[in-house]
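Enquirer: Take a look at run24.txt, compact mmCIF, C-alpha atoms:
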# COMPACT_ATOMS: atom_id res chain seq x y z
CA MET X 1 12.39 -29.03 39.75
CA THR X 2 8.89 -30.30 39.90
CA ALA X 3 7.61 -30.24 43.42
CA ILE X 4 5.95 -33.61 43.57
CA GLU X 5 5.87 -34.93 47.07
CA THR X 6 3.02 -37.37 47.17
CA ASN X 7 3.59 -41.09 46.88
CA GLU X 8 1.58 -41.06 43.69
CA GLY X 9 3.88 -38.47 42.24
CA ALA X 10 6.88 -40.52 43.19
CA VAL X 11 5.47 -43.51 41.34
CA ALA X 12 4.83 -41.40 38.27
CA LEU X 13 8.32 -39.93 38.51
CA HIS X 14 9.83 -43.37 38.69
CA LEU X 15 7.83 -44.45 35.67
CA ALA X 16 8.82 -41.31 33.85
CA GLY X 17 12.42 -42.29 34.46
CA ALA X 18 11.76 -45.67 32.91
CA LEU X 19 10.12 -44.00 29.93
CA CYS X 20 13.02 -41.56 29.54
CA ALA X 21 15.49 -44.41 29.60
CA VAL X 22 13.99 -45.77 26.41
CA GLU X 23 14.22 -42.47 24.58
CA PRO X 24 17.88 -42.50 23.43
CA ILE X 25 17.42 -45.82 21.65
CA GLU X 26 14.42 -44.46 19.90
CA GLY X 27 16.26 -41.25 19.04
CA ALA X 28 19.21 -43.14 17.60
CA ARG X 29 17.15 -44.79 14.93
CA ARG X 30 14.71 -42.04 14.29
CA GLY X 31 14.43 -41.07 10.67
CA ALA X 32 12.14 -39.68 8.06
CA ASP X 33 10.68 -43.13 7.36
CA ASP X 34 10.25 -43.87 11.00
CA VAL X 35 6.57 -43.05 11.25
CA GLY X 36 4.65 -46.01 12.59
CA VAL X 37 7.69 -48.12 13.39
CA VAL X 38 7.29 -50.99 15.79
CA GLY X 39 9.80 -52.24 18.31
CA VAL X 40 10.93 -50.09 21.22
CA ASP X 41 7.80 -47.99 20.89
CA ASP X 42 5.67 -51.10 21.19
CA THR X 43 7.48 -52.27 24.30
CA LEU X 44 7.24 -48.83 25.87
CA ASP X 45 3.64 -48.52 24.92
CA ALA X 46 2.75 -51.95 26.25
CA PHE X 47 4.57 -51.28 29.52
CA ALA X 48 3.02 -47.86 30.02
CA HIS X 49 -0.37 -49.26 29.15
CA GLU X 50 -0.14 -51.99 31.78
CA VAL X 51 0.89 -49.50 34.42
CA ALA X 52 -1.63 -46.87 33.34
CA HIS X 53 -4.45 -49.37 33.40
CA ASP X 54 -3.57 -50.88 36.75
CA LEU X 55 -3.12 -47.47 38.36
CA ARG X 56 -6.06 -45.76 36.75
CA ALA X 57 -8.67 -48.41 37.53
CA PRO X 58 -8.49 -47.93 41.34
CA VAL X 59 -7.94 -44.16 41.12
CA ARG X 60 -10.97 -43.71 38.92
CA THR X 61 -13.07 -45.99 41.12
CA ALA X 62 -11.99 -44.02 44.19
CA ARG X 63 -12.96 -40.72 42.54
CA LEU X 64 -16.40 -41.95 41.53
CA LEU X 65 -17.07 -43.56 44.89
CA ALA X 66 -15.93 -40.39 46.69
CA ASP X 67 -18.28 -38.38 44.47
CA ARG X 68 -21.21 -40.56 45.49
CA LEU X 69 -20.20 -40.53 49.15
CA VAL X 70 -20.13 -36.74 49.12
CA ALA X 71 -23.45 -36.60 47.25
CA ASP X 72 -24.98 -38.84 49.92
CA VAL X 73 -23.89 -36.71 52.85
CA ALA X 74 -23.94 -33.33 51.08
CA ASP X 75 -26.75 -31.95 53.24
CA ASP X 76 -24.89 -32.73 56.46
CA LEU X 77 -21.48 -31.47 55.36
CA SER X 78 -19.99 -28.49 57.13
CA GLU X 79 -18.20 -25.83 55.12
CA ARG X 80 -14.95 -27.47 56.10
CA GLY X 81 -16.26 -30.86 55.04
CA SER X 82 -17.28 -29.50 51.63
CA ASP X 83 -13.85 -27.96 51.23
CA LEU X 84 -12.16 -31.25 52.08
CA ALA X 85 -14.42 -33.08 49.64
CA ALA X 86 -13.55 -30.64 46.88
CA ARG X 87 -9.84 -31.04 47.60
CA LEU X 88 -10.16 -34.82 47.55
CA ASP X 89 -11.88 -34.67 44.17
CA THR X 90 -9.23 -32.31 42.77
CA ALA X 91 -6.43 -34.57 43.94
CA LEU X 92 -8.02 -37.68 42.46
CA ALA X 93 -8.81 -35.84 39.21
CA GLN X 94 -5.18 -34.71 38.93
CA MET X 95 -3.94 -38.22 39.43
CA ASP X 96 -6.38 -39.58 36.88
CA HIS X 97 -5.29 -36.90 34.42
CA MET X 98 -1.66 -37.68 35.06
CA ILE X 99 -2.08 -41.38 34.42
CA LEU X 100 -3.98 -40.77 31.19
CA SER X 101 -1.28 -38.30 30.16
CA MET X 102 1.38 -40.91 30.74
CA LEU X 103 -0.53 -43.27 28.51
CA ASP X 104 -0.85 -40.53 25.91
CA TYR X 105 2.84 -39.88 26.07
CA ALA X 106 3.73 -43.53 25.62
CA SER X 107 1.26 -43.94 22.78
CA GLY X 108 2.78 -41.06 20.81
CA THR X 109 1.80 -41.39 17.18
CA GLN X 110 1.04 -45.09 17.49
CA GLY X 111 -2.14 -46.42 16.00
CA THR X 112 -2.58 -43.34 13.83
CA THR X 113 -2.16 -42.97 10.11
CA PRO X 114 -0.20 -39.92 8.93
CA ILE X 115 -1.67 -38.35 5.81
CA PRO X 116 -0.99 -35.14 3.89
CA THR X 117 -2.22 -32.51 6.30
CA ASP X 118 -2.66 -28.79 5.84
CA VAL X 119 -0.92 -26.98 8.67
CA GLY X 120 -3.07 -23.89 8.11
CA ASP X 121 -6.22 -25.93 8.68
CA ALA X 122 -4.73 -27.52 11.81
CA VAL X 123 -3.77 -24.11 13.18
CA HIS X 124 -7.22 -22.77 12.44
CA THR X 125 -8.91 -25.71 14.17
CA ALA X 126 -6.62 -25.45 17.19
CA ALA X 127 -7.25 -21.71 17.45
CA SER X 128 -10.99 -22.25 17.40
CA LEU X 129 -10.67 -24.87 20.15
CA VAL X 130 -8.97 -22.40 22.49
CA GLU X 131 -11.11 -19.44 21.43
CA ALA X 132 -13.23 -19.53 24.59
CA ASP X 133 -10.13 -19.55 26.82
CA ALA X 134 -8.60 -16.74 24.77
CA LEU X 135 -11.73 -14.65 25.23
CA VAL X 136 -11.71 -15.19 28.98
CA ALA X 137 -8.06 -14.13 29.09
CA GLY X 138 -8.77 -11.13 26.88
CA GLY X 139 -6.21 -12.49 24.44
CA ARG X 140 -5.81 -12.37 20.69
CA ILE X 141 -4.56 -15.08 18.33
CA THR X 142 -3.43 -14.28 14.79
CA THR X 143 -2.52 -16.92 12.25
CA SER X 144 -0.83 -16.77 8.86
CA GLY X 145 0.73 -19.01 6.25
CA SER X 146 0.27 -22.63 5.38
CA ALA X 147 2.08 -25.78 4.29
CA VAL X 148 1.25 -29.44 3.74
CA VAL X 149 3.00 -31.98 5.92
CA THR X 150 2.60 -35.70 6.52
CA ALA X 151 0.94 -36.01 9.91
CA THR X 152 -2.15 -37.22 11.70
CA PRO X 153 -4.46 -34.19 11.62
CA THR X 154 -5.95 -34.74 15.09
CA LEU X 155 -2.50 -35.05 16.65
CA LEU X 156 -1.16 -31.98 14.86
CA VAL X 157 -4.17 -30.01 16.05
CA ARG X 158 -3.54 -31.27 19.53
CA VAL X 159 0.07 -30.13 19.51
CA ILE X 160 -0.84 -26.63 18.31
CA GLN X 161 -3.73 -26.45 20.73
CA ASN X 162 -1.36 -27.35 23.54
CA LEU X 163 1.06 -24.59 22.50
CA LEU X 164 -1.75 -22.03 22.34
CA THR X 165 -3.07 -23.12 25.73
CA ASN X 166 0.41 -22.75 27.22
CA ALA X 167 0.72 -19.28 25.71
CA LEU X 168 -2.57 -18.27 27.34
CA LYS X 169 -1.72 -19.95 30.63
CA TYR X 170 1.70 -18.34 31.01
CA ALA X 171 0.65 -14.82 30.11
CA ARG X 172 2.12 -11.82 31.90
CA PRO X 173 -0.25 -10.54 34.56
CA ASP X 174 0.05 -6.99 33.21
CA ALA X 175 -0.48 -7.68 29.51
CA ALA X 176 -3.33 -9.33 27.58
CA PRO X 177 -1.93 -12.37 25.77
CA THR X 178 -1.12 -11.84 22.11
CA ILE X 179 -0.24 -14.97 20.16
CA ALA X 180 0.96 -15.15 16.58
CA VAL X 181 1.12 -18.44 14.71
CA THR X 182 3.16 -18.21 11.52
CA THR X 183 3.66 -21.05 9.09
CA THR X 184 6.31 -20.93 6.38
CA ALA X 185 7.82 -23.55 4.09
CA PHE X 186 11.46 -23.67 3.09
CA ASP X 187 14.28 -26.20 2.69
CA GLY X 188 11.78 -29.05 2.48
CA GLU X 189 10.31 -28.27 5.87
CA ALA X 190 7.30 -26.55 7.29
CA HIS X 191 8.19 -24.12 10.06
CA ILE X 192 5.39 -23.35 12.47
CA VAL X 193 6.30 -20.60 14.90
CA VAL X 194 4.06 -19.86 17.86
CA GLU X 195 5.11 -16.61 19.47
CA ASP X 196 3.55 -14.97 22.50
CA ASN X 197 4.09 -11.93 24.71
CA GLY X 198 3.90 -13.92 27.93
CA LEU X 199 6.29 -14.69 30.72
CA GLY X 200 8.85 -16.35 28.46
CA ILE X 201 11.21 -19.20 29.28
CA PRO X 202 14.79 -18.53 30.44
CA ALA X 203 17.38 -19.76 27.93
CA CYS X 204 18.70 -22.34 30.41
CA ASP X 205 15.23 -23.93 30.73
CA ARG X 206 14.32 -24.12 27.05
CA GLU X 207 15.26 -27.78 26.76
CA ARG X 208 14.13 -28.72 30.26
CA VAL X 209 10.49 -27.94 29.49
CA PHE X 210 10.44 -30.93 27.15
CA GLN X 211 11.49 -33.30 29.93
CA LEU X 212 8.78 -35.40 31.50
CA LEU X 213 7.12 -33.99 34.62
CA GLU X 214 9.16 -30.78 34.56
CA ARG X 215 7.13 -27.69 35.28
CA LEU X 216 8.82 -24.36 35.57
CA GLU X 217 6.10 -23.07 37.83
CA PRO X 218 4.73 -26.03 39.75
CA GLU X 219 2.53 -23.75 41.81
CA ARG X 220 0.45 -23.24 38.70
CA ALA X 221 -1.17 -26.55 39.35
CA SER X 222 -3.10 -26.98 36.14
CA GLY X 223 -0.21 -28.54 34.24
CA SER X 224 0.59 -32.23 34.39
CA GLY X 225 4.19 -32.00 33.22
CA PHE X 226 3.30 -34.05 30.17
CA GLY X 227 2.14 -31.38 27.72
CA LEU X 228 5.33 -30.39 25.92
CA PRO X 229 6.93 -33.85 26.17
CA ILE X 230 3.85 -35.27 24.44
CA CYS X 231 4.07 -32.54 21.80
CA ARG X 232 7.70 -33.39 21.12
CA ARG X 233 7.03 -37.09 21.00
CA ILE X 234 4.21 -36.58 18.51
CA ILE X 235 6.19 -34.16 16.31
CA ARG X 236 9.26 -36.41 16.33
CA GLY X 237 6.99 -39.30 15.42
CA PHE X 238 6.26 -37.41 12.22
CA GLY X 239 9.98 -36.90 11.56
CA GLY X 240 10.14 -33.31 12.79
CA ASP X 241 11.16 -31.56 15.97
CA ILE X 242 9.94 -28.92 18.37
CA THR X 243 12.13 -26.49 20.30
CA ILE X 244 11.88 -23.22 22.20
CA ALA X 245 13.68 -20.69 20.02
CA ALA X 246 15.60 -17.63 21.13
CA SER X 247 13.45 -14.55 21.03
CA ASP X 248 14.32 -10.87 20.68
CA THR X 249 11.26 -9.89 22.62
CA PRO X 250 10.02 -11.06 25.99
CA GLY X 251 7.66 -13.98 25.62
CA THR X 252 8.04 -17.46 24.26
CA ARG X 253 8.80 -18.47 20.70
CA VAL X 254 8.07 -22.15 19.96
CA HIS X 255 9.46 -23.54 16.73
CA VAL X 256 7.94 -26.67 15.18
CA ARG X 257 9.62 -28.20 12.14
CA LEU X 258 7.97 -30.90 10.04
CA PRO X 259 9.04 -32.38 6.71
CA LEU X 260 6.85 -31.15 3.87
CA ALA X 261 4.63 -33.76 2.28
CA LEU X 262 5.82 -34.68 -1.19
CA HIS X 263 2.55 -35.93 -2.47
CA PRO X 264 1.26 -35.93 -6.04
CA GLU X 265 -2.02 -34.47 -4.81
CA HIS X 266 -0.26 -31.33 -3.70
CA ASP X 267 1.62 -29.01 -6.01
CA CYS X 268 4.42 -26.62 -5.17
CA LEU X 269 6.39 -29.07 -2.99
CA GLY X 270 3.81 -29.11 -0.29
CA VAL X 271 3.21 -25.40 -0.15
CA ALA X 272 -0.51 -24.89 -0.17
CA MET D 1 -30.29 -73.03 19.76
CA THR D 2 -32.14 -69.88 20.65
CA ALA D 3 -33.57 -67.46 18.18
CA PRO D 4 -31.56 -64.36 17.29
CA HIS D 5 -32.15 -61.47 19.63
CA PRO D 6 -34.90 -59.31 18.21
CA ARG D 7 -33.65 -55.79 17.60
CA PRO D 8 -36.25 -53.47 18.97
CA PRO D 9 -37.47 -50.84 16.53
CA GLY D 10 -38.12 -48.69 19.57
CA LEU D 11 -38.35 -49.21 23.25
CA ASP D 12 -42.16 -49.41 23.25
CA ASN D 13 -42.29 -47.80 26.66
CA ARG D 14 -40.10 -50.37 28.26
CA PRO D 15 -36.73 -49.57 29.86
CA LEU D 16 -33.54 -49.82 27.88
CA ARG D 17 -31.89 -53.12 28.78
CA VAL D 18 -28.19 -52.76 29.43
CA THR D 19 -26.02 -55.72 30.33
CA VAL D 20 -22.71 -54.98 31.99
CA VAL D 21 -19.80 -57.42 32.07
CA ASP D 22 -17.03 -56.32 34.43
CA ASP D 23 -14.94 -58.30 36.89
CA ASP D 24 -14.89 -55.34 39.31
CA ALA D 25 -17.88 -55.26 41.65
CA ASN D 26 -17.28 -51.54 42.23
CA GLU D 27 -18.09 -50.95 38.59
CA HIS D 28 -21.42 -52.72 38.97
CA LEU D 29 -22.27 -50.45 41.89
CA LEU D 30 -21.18 -47.30 40.04
CA VAL D 31 -23.08 -48.19 36.86
CA GLU D 32 -26.16 -48.93 38.94
CA LEU D 33 -25.89 -45.56 40.70
CA ALA D 34 -25.24 -43.77 37.40
CA ALA D 35 -28.17 -45.54 35.71
CA SER D 36 -30.45 -44.34 38.51
CA GLU D 37 -29.42 -40.75 37.76
CA ALA D 38 -29.52 -40.96 33.97
CA THR D 39 -32.39 -39.26 32.16
CA VAL D 40 -33.29 -42.50 30.43
CA GLU D 41 -35.08 -45.46 31.89
CA VAL D 42 -32.54 -48.22 32.19
CA GLU D 43 -32.61 -51.77 33.47
CA VAL D 44 -29.19 -53.19 34.15
CA ASP D 45 -28.01 -56.79 34.37
CA PHE D 46 -24.53 -57.51 35.68
CA PHE D 47 -22.07 -60.29 35.02
CA VAL D 48 -18.53 -60.65 36.27
CA ASP D 49 -17.31 -62.88 33.49
CA GLY D 50 -17.77 -63.30 29.74
CA ARG D 51 -18.63 -66.97 30.02
CA GLU D 52 -21.40 -66.17 32.51
CA LEU D 53 -22.83 -63.72 30.00
CA LEU D 54 -22.70 -66.24 27.15
CA ALA D 55 -24.49 -68.82 29.30
CA ALA D 56 -27.12 -66.29 30.35
CA LEU D 57 -27.68 -65.20 26.75
CA ALA D 58 -28.09 -68.81 25.69
CA ASP D 59 -30.81 -69.29 28.35
CA GLN D 60 -32.31 -65.87 27.64
CA ARG D 61 -31.77 -64.94 31.26
CA THR D 62 -30.55 -61.62 29.92
CA THR D 63 -31.87 -60.00 26.74
CA PRO D 64 -29.84 -56.84 26.31
CA ASP D 65 -30.39 -53.97 23.92
CA VAL D 66 -26.72 -53.23 24.43
CA VAL D 67 -23.83 -54.90 26.22
CA MET D 68 -21.11 -52.92 27.99
CA VAL D 69 -17.97 -55.00 28.31
CA ASP D 70 -14.78 -54.32 30.24
CA LEU D 71 -11.75 -54.84 28.02
CA ARG D 72 -9.57 -56.42 30.66
CA MET D 73 -10.94 -59.35 32.56
CA PRO D 74 -9.48 -62.64 33.73
CA THR D 75 -10.44 -65.93 32.06
CA MET D 76 -12.17 -64.27 29.10
CA ASP D 77 -11.24 -60.70 28.23
CA GLY D 78 -13.39 -58.19 26.40
CA ARG D 79 -11.76 -58.90 23.07
CA GLN D 80 -12.47 -62.63 23.35
CA LEU D 81 -16.00 -61.97 24.49
CA VAL D 82 -16.65 -59.67 21.52
CA ALA D 83 -15.26 -62.35 19.21
CA ALA D 84 -17.51 -65.01 20.80
CA LEU D 85 -20.58 -62.77 20.50
CA SER D 86 -19.76 -61.94 16.88
CA ALA D 87 -19.17 -65.58 15.99
CA SER D 88 -22.64 -66.73 17.01
CA PRO D 89 -25.59 -65.87 14.77
CA THR D 90 -27.82 -65.62 17.85
CA THR D 91 -25.72 -62.87 19.41
CA ALA D 92 -23.87 -61.24 16.52
CA ALA D 93 -26.44 -58.45 16.20
CA ILE D 94 -26.21 -57.30 19.83
CA PRO D 95 -24.47 -53.92 19.93
CA VAL D 96 -21.40 -54.06 22.15
CA MET D 97 -19.57 -51.19 23.80
CA VAL D 98 -16.09 -52.03 25.05
CA LEU D 99 -14.82 -49.96 27.98
CA SER D 100 -11.43 -49.81 29.60
CA SER D 101 -9.63 -47.76 32.21
CA ALA D 102 -6.88 -47.24 29.65
CA VAL D 103 -7.40 -47.74 25.93
CA ARG D 104 -4.38 -47.93 23.64
CA PRO D 105 -4.72 -46.42 20.17
CA ASN D 106 -4.28 -49.89 18.70
CA ASP D 107 -7.09 -51.24 20.86
CA TYR D 108 -9.60 -49.07 19.02
CA ARG D 109 -8.84 -50.76 15.73
CA THR D 110 -8.58 -54.35 16.93
CA VAL D 111 -11.65 -54.21 19.14
CA LEU D 112 -13.77 -52.50 16.49
CA GLU D 113 -12.58 -54.94 13.85
CA GLY D 114 -13.48 -57.72 16.27
CA GLY D 115 -17.10 -56.63 16.12
CA ALA D 116 -17.60 -54.08 18.90
CA ARG D 117 -19.66 -51.05 17.97
CA TRP D 118 -17.88 -48.62 20.31
CA VAL D 119 -14.66 -48.46 22.29
CA GLU D 120 -14.46 -45.95 25.11
CA THR D 121 -12.16 -44.99 27.95
CA LYS D 122 -14.09 -45.31 31.20
CA PRO D 123 -15.29 -41.83 32.22
CA GLY D 124 -13.09 -40.22 34.86
CA ASP D 125 -15.95 -38.69 36.82
CA PHE D 126 -19.40 -39.76 37.90
CA GLU D 127 -21.19 -37.25 35.69
CA GLY D 128 -19.33 -38.72 32.71
CA LEU D 129 -20.62 -42.17 33.54
CA VAL D 130 -24.18 -40.83 33.82
CA SER D 131 -23.80 -39.12 30.43
CA LEU D 132 -22.41 -42.27 28.87
CA ILE D 133 -25.45 -44.26 29.96
CA ALA D 134 -27.81 -41.46 28.92
CA SER D 135 -26.20 -41.51 25.47
CA LEU D 136 -27.05 -45.15 24.84
CA PRO D 137 -30.52 -44.70 23.26
CA ARG D 138 -29.15 -42.10 20.86
CA ARG D 139 -26.18 -44.29 19.98
CA LEU D 140 -28.56 -47.17 19.33
CA GLY D 141 -30.72 -44.99 17.13
CA LEU D 142 -33.65 -45.43 19.51
CA PRO D 143 -36.11 -42.68 20.26
CA THR D 144 -35.03 -41.02 23.47
CA ALA D 145 -37.25 -42.15 26.32
CA GLN D 146 -39.43 -39.35 27.64
CA THR D 147 -39.72 -40.90 31.03
CA THR D 148 -37.27 -40.17 33.79
CA SER D 149 -38.41 -42.88 36.16
CA MET D 150 -35.75 -45.19 37.41
CA LEU D 151 -35.72 -48.92 37.16
CA VAL D 152 -32.51 -50.58 38.09
CA GLY D 153 -32.53 -54.34 38.08
CA SER D 154 -29.68 -56.64 38.93
Taking this structure as input, can you express it in the form of structure tokens?
Expert:
Amino acid sequence: MTAIETNEGAVALHLAGALCAVEPIEGARRGADDVGVVGVDDTLDAFAHEVAHDLRAPVRTARLLADRLVADVADDLSERGSDLAARLDTALAQMDHMILSMLDYASGTQGTTPIPTDVGDAVHTAASLVEADALVAGGRITTSGSAVVTATPTLLVRVIQNLLTNALKYARPDAAPTIAVTTTAFDGEAHIVVEDNGLGIPACDRERVFQLLERLEPERASGSGFGLPICRRIIRGFGGDITIAASDTPGTRVHVRLPLALHPEHDCLGVA
Amino acid sequence: MTAPHPRPPGLDNRPLRVTVVDDDANEHLLVELAASEATVEVEVDFFVDGRELLAALADQRTTPDVVMVDLRMPTMDGRQLVAALSASPTTAAIPVMVLSSAVRPNDYRTVLEGGARWVETKPGDFEGLVSLIASLPRRLGLPTAQTTSMLVGS
């Protein structure tokens, strides 16, 4: 379970529960033509937005004021004082990030316009966005294949970027991360598989990682517990799904399915 | 009726005039502190309410190069203020940036369609706020001020 013990965490957890409660209704009427639907999503979005705004405004103000306070007294701060100031800033930054993530989660694919999108291009863009991190980690990312789906390019990039970042973050300490992104098209769907040689996810946890605020390794504090849930919400918004697949090798194998775009502009049933 | 606000071709060695409308006094303080650290010369006017701004514009008590408006405010919110500014020929040309602690995807469209030039989530750290203010001349297509002197009015 996520080890969230602060009051702030408890609030977020409570909210996450409220958000989760809406999910089954949404799932029940999800379909291929469901992109951009209004209704439950709007209510959820409006609710989350109210909460996010009212929480974020004071948190953000506190972080900026603390920053200025510390800047004012920087010369007089002891080592211990500087350490405390840094911890305060980290805590406030985490909370700010968490609130914005909650808003992101609730927003899903709302307000975006899905268009025929080349998965290969999205993968390439996402890979270039994490290139610096990959270099630092001594990792290698290989990509292959392509397909055209109906999605919002920026959101698809974001999902793949998130998967790549996870693969780098949860690398084995004794092996440089190797990540392969493979895109294939069959049975009317694009299959994007992101496979790494990292720590892997136990079979019993492969669904749990998509639950809000669940982090398998909470001590790795950089995660907000929103990453994969946001990915799933986005992908489902485009009529697809994302799961952690069984893998023969150690490491994680993430499987993203998206309906192929059937668009006159693209030949070969969406295969680019 | 007052004449339309002249759009400066350049700053002509005067500070960039930024008018902030936000119901939170903390935001006034933070913008003032950020403006004093930005690498552009900025003069800031503050209002807590859209109606105050409209009255001040009518009397030319404030003559902004750009207005930064909070999206959520009591009595007159950012969206209504943008609509009011757009509706009047004397103020329609003033570039408006709408800011909010939390922007919904739909807000971008409605606020931009309402006449705002930019919609932004309020920066989460102080450096971000400084950068946002420093970016204003470039966003306005003005030559970047060479001077780094500080001039913060209120």
Enquirer: May I have the residues within 12 Å of stretch 74-91 of chain D as a ChimeraX atom specification, using all atoms listed in the file and disregarding those fewer than 4 positions away in the same chain?
Expert: /D:1-7,20-24,48-60,62-70,95-100,107-119
Enquirer: Write the selection just made, keeping C-alpha atoms, as a CSV table (one decimal), in the frame of the given file?
Expert:
chain,number,residue,atom,x,y,z
D,1,MET,CA,-30.3,-73.0,19.8
D,2,THR,CA,-32.1,-69.9,20.6
D,3,ALA,CA,-33.6,-67.5,18.2
D,4,PRO,CA,-31.6,-64.4,17.3
D,5,HIS,CA,-32.2,-61.5,19.6
D,6,PRO,CA,-34.9,-59.3,18.2
D,7,ARG,CA,-33.6,-55.8,17.6
D,20,VAL,CA,-22.7,-55.0,32.0
D,21,VAL,CA,-19.8,-57.4,32.1
D,22,ASP,CA,-17.0,-56.3,34.4
D,23,ASP,CA,-14.9,-58.3,36.9
D,24,ASP,CA,-14.9,-55.3,39.3
D,48,VAL,CA,-18.5,-60.6,36.3
D,49,ASP,CA,-17.3,-62.9,33.5
D,50,GLY,CA,-17.8,-63.3,29.7
D,51,ARG,CA,-18.6,-67.0,30.0
D,52,GLU,CA,-21.4,-66.2,32.5
D,53,LEU,CA,-22.8,-63.7,30.0
D,54,LEU,CA,-22.7,-66.2,27.2
D,55,ALA,CA,-24.5,-68.8,29.3
D,56,ALA,CA,-27.1,-66.3,30.4
D,57,LEU,CA,-27.7,-65.2,26.8
D,58,ALA,CA,-28.1,-68.8,25.7
D,59,ASP,CA,-30.8,-69.3,28.4
D,60,GLN,CA,-32.3,-65.9,27.6
D,62,THR,CA,-30.6,-61.6,29.9
D,63,THR,CA,-31.9,-60.0,26.7
D,64,PRO,CA,-29.8,-56.8,26.3
D,65,ASP,CA,-30.4,-54.0,23.9
D,66,VAL,CA,-26.7,-53.2,24.4
D,67,VAL,CA,-23.8,-54.9,26.2
D,68,MET,CA,-21.1,-52.9,28.0
D,69,VAL,CA,-18.0,-55.0,28.3
D,70,ASP,CA,-14.8,-54.3,30.2
D,95,PRO,CA,-24.5,-53.9,19.9
D,96,VAL,CA,-21.4,-54.1,22.2
D,97,MET,CA,-19.6,-51.2,23.8
D,98,VAL,CA,-16.1,-52.0,25.0
D,99,LEU,CA,-14.8,-50.0,28.0
D,100,SER,CA,-11.4,-49.8,29.6
D,107,ASP,CA,-7.1,-51.2,20.9
D,108,TYR,CA,-9.6,-49.1,19.0
D,109,ARG,CA,-8.8,-50.8,15.7
D,110,THR,CA,-8.6,-54.4,16.9
D,111,VAL,CA,-11.6,-54.2,19.1
D,112,LEU,CA,-13.8,-52.5,16.5
D,113,GLU,CA,-12.6,-54.9,13.8
D,114,GLY,CA,-13.5,-57.7,16.3
D,115,GLY,CA,-17.1,-56.6,16.1
D,116,ALA,CA,-17.6,-54.1,18.9
D,117,ARG,CA,-19.7,-51.0,18.0
D,118,TRP,CA,-17.9,-48.6,20.3
D,119,VAL,CA,-14.7,-48.5,22.3
Enquirer: Would you mind reading off the distance between atom CA of D:Asp12 and atom CA of D:Phe47, one decimal, in Å?
Expert: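 Going from atom CA of D:Asp12 over to atom CA of D:Phe47, I get 25.7 Å.
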Enquirer: Using all atoms listed in the file, find which residues of chain X lie within 7 Å of chain D and jot them down as a list in words.
Expert: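 Within 7 Å of chain D on chain X, we get His49, Ala52, His53, Arg56, Ala57, Arg60, Arg63, Leu64, Asp67, Ser107, Gln110 and Gly111 of chain X.
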Enquirer: Residues of the last selection are to be written out with C-alpha atoms, as an mmCIF file, in the coordinates of the input.
Expert:
data_model
loop_
_atom_site.group_PDB
_atom_site.id
_atom_site.type_symbol
_atom_site.label_atom_id
_atom_site.label_comp_id
_atom_site.auth_asym_id
_atom_site.auth_seq_id
_atom_site.Cartn_x
_atom_site.Cartn_y
_atom_site.Cartn_z
ATOM 1 C CA HIS X 49 -0.370 -49.260 29.150
ATOM 2 C CA ALA X 52 -1.630 -46.870 33.340
ATOM 3 C CA HIS X 53 -4.450 -49.370 33.400
ATOM 4 C CA ARG X 56 -6.060 -45.760 36.750
ATOM 5 C CA ALA X 57 -8.670 -48.410 37.530
ATOM 6 C CA ARG X 60 -10.970 -43.710 38.920
ATOM 7 C CA ARG X 63 -12.960 -40.720 42.540
ATOM 8 C CA LEU X 64 -16.400 -41.950 41.530
ATOM 9 C CA ASP X 67 -18.280 -38.380 44.470
ATOM 10 C CA SER X 107 1.260 -43.940 22.780
ATOM 11 C CA GLN X 110 1.040 -45.090 17.490
ATOM 12 C CA GLY X 111 -2.140 -46.420 16.000
#
Enquirer: I need the residue nearest X:Ser146 from this list: X:Val119, X:Val130, X:Ala175, X:Ile160. Use all atoms listed in the file for the distance.
Expert: X:Val119
Enquirer: Please report the interatomic distance between atom CA of X:Val123 and atom CA of X:Pro259 in Å with one decimal.
Expert: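 These atoms are spaced 16.6 Å apart.
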Enquirer: May I ask for the distance between atom CA of X:Ala134 and atom CA of X:Glu195, given in Å to one decimal place?
Expert: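 Distance reported for this atom pair: 14.7 Å.
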Enquirer: Have a look at D:Met73, D:Ala92, D:Leu136, D:Glu120 and name the one nearest to D:Thr19; count only C-alpha atoms.
Expert: D:Leu136
Enquirer: Measuring atom to atom with all atoms listed in the file, identify which of X:Ala85, X:Val181, X:Val59, X:Ile141 is nearest to X:Ala71.
Expert: X:Ala85
Enquirer: Residues within 9 Å of X:Ala147, please, as a list in words. Count only C-alpha atoms; anything in the same chain fewer than 5 positions from it doesn't count.
Expert: Thr117, Asp118, Val119, Gly120, Thr183, Thr184, Ala185, Glu189, Ala190, His191, Leu260, Ala261, Gly270, Val271 and Ala272 of chain X
Enquirer: I need the residue nearest X:Asp121 from this list: X:Ala66, X:Val149, X:Val136, X:Leu164. Use only C-alpha atoms for the distance.
Expert: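 Of X:Ala66, X:Val149, X:Val136, X:Leu164, the one nearest X:Asp121 is X:Val149, counting only C-alpha atoms.
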Enquirer: Looking at X:His124, X:Arg233, X:Arg68, X:Arg172, which one is nearest to X:Val157, with distances taken over all atoms listed in the file?
Expert: X:His124
Enquirer: For X:Thr252, find every residue with an atom within 10 Å (counting all atoms listed in the file), except residues of its own chain fewer than 2 positions away, and show them as a list in words.
Expert: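 Once the nearby chain positions are removed, what remains is Asn166, Ala167, Tyr170, Ala171, Ile179, Val194, Glu195, Asp196, Asn197, Gly198, Leu199, Gly200, Ile201, Pro202, Arg206, Ile244, Ala245, Ala246, Ser247, Asp248, Thr249, Pro250, Val254 and His255 of chain X.
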